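Structure first, commentary second.
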Amino acid sequence: MLIPLKPGELNRLIPAVATGPQFNACSGSPRKLLQRFFISVIGGVISLLVSQTLLFSSQAGPIMLVTGFVFLLYMLWGPILEAGRRNAILRKYPAAAIFEGQVGDLYTTEVVENQREQADKGGRLELVENRRTWLTLELEDEEGYLGKLRFPMDKKHQLIRRGQVVRLLVLSERRDFSRIGAITDAWLPQLKLWVGEYPFLLKPAFEELCLRRLR
């Protein structure tokens with residue numbers, strides 16, 4: 001079942017500016033955080049040193065000073081920009097609707113999140129893979145199959161079963177939703193559980209909207 005959103009509702013459900021959960025989701029793994037830290041420190045220090053050299057001898061001095069502070073704040077504005085970009089992709093769709101369906105099927109897969117080489121006891125290099133279990137939900141309603149929702153699996157997800165109600169947003173370039181462009185994270189009201197790889201939706205606002213529109 002698809003219930004089209006009214007004008008302005010999509011922008012209230014997917015914010016333009018990053019929320020706290022979105023900031024955390026875009027901060028990334030410890031390895032990505034370390035990369036951001038080195039970019040921030042190295043870029044900031046180099047820019048500030050150059051600015052001190054040029055400050056009184058060139059008009060580029062103040063520019064390099066500002067650049068240095070921008071680099072030093074990269075740990076903060078990096079995730080904010082990434083979250084804003086991801087939100088903007090969904091906010092641009094001309095058609096959005098609430099989908100209420102059910103879990104048609106679910107299964108797990110092993111996903112390689114990163115690889116690295118390390119020496120074994122004999123001094124030979126071997127490839128070490130870090131794997132994580134992901135859960136895939138196949139979503140459907142009375143009209144048939146909608147799509148798949150994938151996300152890293154946690155203990156709380158073991159309660160998910162076939163036939164449980166699922167609510168999320170469906171986005172499309174077409175007003176008749178004949179072709180689905182994207183789907184958001186999902187709300188399972190029977191479990192009071194949110195699932196998804198990235199938290200697009202403002203949860204309280206979406207839950208309240210569902211209560212009003214799905215009576």
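Going through the structure tokens in order, the chains are called A, B, and so on, while each chain numbers its residues from 1 and the ligands are numbered from 1 in the order shown.
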Can you tell me, as a ChimeraX atom specification, what residues are no more than 7 Å from Phe151 (chain A) when counting only C-alpha atoms, ignoring any on the same chain fewer than 5 positions away?
/A:134-136,196-197
Could you pull out all residues of region 114-198 of chain A with a DSSP call of strand (DSSP E or B) and give them as a PyMOL selection string?
chain A and resi 114-119+125-141+144-152+165-172+182-183+186-188+193-195
Mind dumping the selected residues with N, CA and C atoms as a compact mmCIF listing (two decimals), in the first residue's frame?
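What ended up in again.txt:
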```txt
# COMPACT_ATOMS: atom_id res chain seq x y z
N ASN A 114 36.52 -4.87 4.99
CA ASN A 114 37.85 -4.39 4.62
C ASN A 114 38.82 -5.56 4.57
N GLN A 115 39.93 -5.33 3.88
CA GLN A 115 40.98 -6.34 3.73
C GLN A 115 42.33 -5.72 4.05
N ARG A 116 43.22 -6.56 4.53
CA ARG A 116 44.58 -6.09 4.78
C ARG A 116 45.53 -7.28 4.68
N GLU A 117 46.78 -6.97 4.41
CA GLU A 117 47.80 -8.00 4.35
C GLU A 117 48.62 -7.99 5.63
N GLN A 118 48.94 -9.17 6.14
CA GLN A 118 49.80 -9.27 7.30
C GLN A 118 50.66 -10.51 7.17
N ALA A 119 51.80 -10.48 7.84
CA ALA A 119 52.75 -11.59 7.76
C ALA A 119 52.36 -12.69 8.74
N LEU A 125 53.24 -13.19 3.45
CA LEU A 125 52.08 -12.30 3.50
C LEU A 125 50.80 -13.07 3.24
N GLU A 126 49.79 -12.82 4.02
CA GLU A 126 48.48 -13.42 3.81
C GLU A 126 47.41 -12.35 3.89
N LEU A 127 46.32 -12.58 3.16
CA LEU A 127 45.23 -11.61 3.12
C LEU A 127 44.25 -11.90 4.24
N VAL A 128 44.01 -10.90 5.08
CA VAL A 128 43.08 -11.03 6.20
C VAL A 128 41.85 -10.19 5.89
N GLU A 129 40.68 -10.82 5.97
CA GLU A 129 39.42 -10.14 5.67
C GLU A 129 38.60 -9.96 6.95
N ASN A 130 38.07 -8.76 7.12
CA ASN A 130 37.12 -8.51 8.20
C ASN A 130 35.71 -8.62 7.63
N ARG A 131 34.96 -9.60 8.12
CA ARG A 131 33.62 -9.85 7.61
C ARG A 131 32.57 -9.48 8.65
N ARG A 132 31.40 -9.11 8.14
CA ARG A 132 30.28 -8.80 9.02
C ARG A 132 29.00 -9.37 8.42
N THR A 133 28.13 -9.86 9.29
CA THR A 133 26.86 -10.43 8.82
C THR A 133 25.86 -9.31 8.55
N TRP A 134 25.28 -9.34 7.34
CA TRP A 134 24.25 -8.38 6.97
C TRP A 134 22.93 -9.14 6.81
N LEU A 135 21.85 -8.46 7.18
CA LEU A 135 20.51 -9.03 7.03
C LEU A 135 19.80 -8.33 5.88
N THR A 136 19.17 -9.11 5.02
CA THR A 136 18.40 -8.59 3.90
C THR A 136 16.93 -8.91 4.11
N LEU A 137 16.08 -7.87 4.01
CA LEU A 137 14.64 -8.05 4.08
C LEU A 137 14.06 -7.84 2.68
N GLU A 138 13.27 -8.79 2.21
CA GLU A 138 12.54 -8.62 0.97
C GLU A 138 11.15 -8.11 1.31
N LEU A 139 10.79 -6.95 0.79
CA LEU A 139 9.55 -6.27 1.15
C LEU A 139 8.48 -6.47 0.08
N GLU A 140 7.26 -6.67 0.54
CA GLU A 140 6.16 -6.86 -0.40
C GLU A 140 4.85 -6.41 0.24
N ASP A 141 3.83 -6.24 -0.61
CA ASP A 141 2.47 -5.95 -0.13
C ASP A 141 1.49 -6.75 -1.00
N GLY A 144 2.43 -7.12 -4.59
CA GLY A 144 3.63 -7.86 -4.98
C GLY A 144 4.91 -7.31 -4.35
N TYR A 145 6.01 -7.64 -4.98
CA TYR A 145 7.36 -7.35 -4.48
C TYR A 145 7.70 -5.87 -4.65
N LEU A 146 8.30 -5.27 -3.59
CA LEU A 146 8.73 -3.87 -3.66
C LEU A 146 10.23 -3.75 -3.86
N GLY A 147 11.01 -4.38 -3.01
CA GLY A 147 12.46 -4.27 -3.08
C GLY A 147 13.12 -4.88 -1.86
N LYS A 148 14.42 -4.64 -1.74
CA LYS A 148 15.21 -5.19 -0.65
C LYS A 148 15.77 -4.08 0.24
N LEU A 149 15.86 -4.39 1.52
CA LEU A 149 16.46 -3.48 2.49
C LEU A 149 17.58 -4.24 3.19
N ARG A 150 18.82 -3.75 3.09
CA ARG A 150 19.97 -4.44 3.65
C ARG A 150 20.62 -3.59 4.74
N PHE A 151 21.12 -4.23 5.78
CA PHE A 151 21.76 -3.51 6.87
C PHE A 151 22.59 -4.49 7.72
N PRO A 152 23.60 -3.99 8.44
CA PRO A 152 24.39 -4.87 9.32
C PRO A 152 23.51 -5.47 10.40
N VAL A 165 4.82 -6.38 9.84
CA VAL A 165 4.52 -5.14 9.14
C VAL A 165 5.78 -4.27 9.02
N VAL A 166 5.94 -3.66 7.86
CA VAL A 166 7.07 -2.77 7.58
C VAL A 166 6.53 -1.46 7.02
N ARG A 167 7.04 -0.34 7.53
CA ARG A 167 6.66 0.98 7.01
C ARG A 167 7.92 1.77 6.69
N LEU A 168 7.92 2.40 5.53
CA LEU A 168 9.06 3.22 5.10
C LEU A 168 8.59 4.20 4.04
N LEU A 169 9.52 5.00 3.53
CA LEU A 169 9.21 5.90 2.42
C LEU A 169 9.73 5.32 1.12
N VAL A 170 8.92 5.44 0.09
CA VAL A 170 9.30 5.06 -1.27
C VAL A 170 9.40 6.33 -2.09
N LEU A 171 10.48 6.46 -2.87
CA LEU A 171 10.69 7.66 -3.66
C LEU A 171 10.82 7.29 -5.13
N SER A 172 10.29 8.17 -5.99
CA SER A 172 10.26 7.88 -7.41
C SER A 172 10.33 9.16 -8.23
N ALA A 182 14.25 4.94 -4.92
CA ALA A 182 14.96 4.71 -3.66
C ALA A 182 13.96 4.40 -2.56
N ILE A 183 14.44 3.75 -1.52
CA ILE A 183 13.65 3.56 -0.30
C ILE A 183 14.49 3.99 0.89
N ALA A 186 13.53 1.72 7.60
CA ALA A 186 12.18 1.22 7.82
C ALA A 186 11.83 1.11 9.30
N TRP A 187 10.53 1.20 9.56
CA TRP A 187 9.96 1.10 10.91
C TRP A 187 9.14 -0.18 10.99
N LEU A 188 9.45 -1.04 11.95
CA LEU A 188 8.67 -2.25 12.20
C LEU A 188 7.86 -2.02 13.47
N LEU A 193 10.89 -1.24 16.23
CA LEU A 193 12.29 -1.36 15.82
C LEU A 193 12.52 -0.65 14.49
N TRP A 194 13.59 0.14 14.43
CA TRP A 194 14.01 0.78 13.19
C TRP A 194 15.16 -0.01 12.59
N VAL A 195 15.14 -0.20 11.28
CA VAL A 195 16.20 -0.93 10.59
C VAL A 195 16.60 -0.17 9.33
```
Between A:Ile89, A:Pro79, A:Gln158, A:Pro7, which has the minimum distance to Thr108 (chain A) (counting only C-alpha atoms)?
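The answer is A:Gln158, which sits nearest to Thr108 (chain A).
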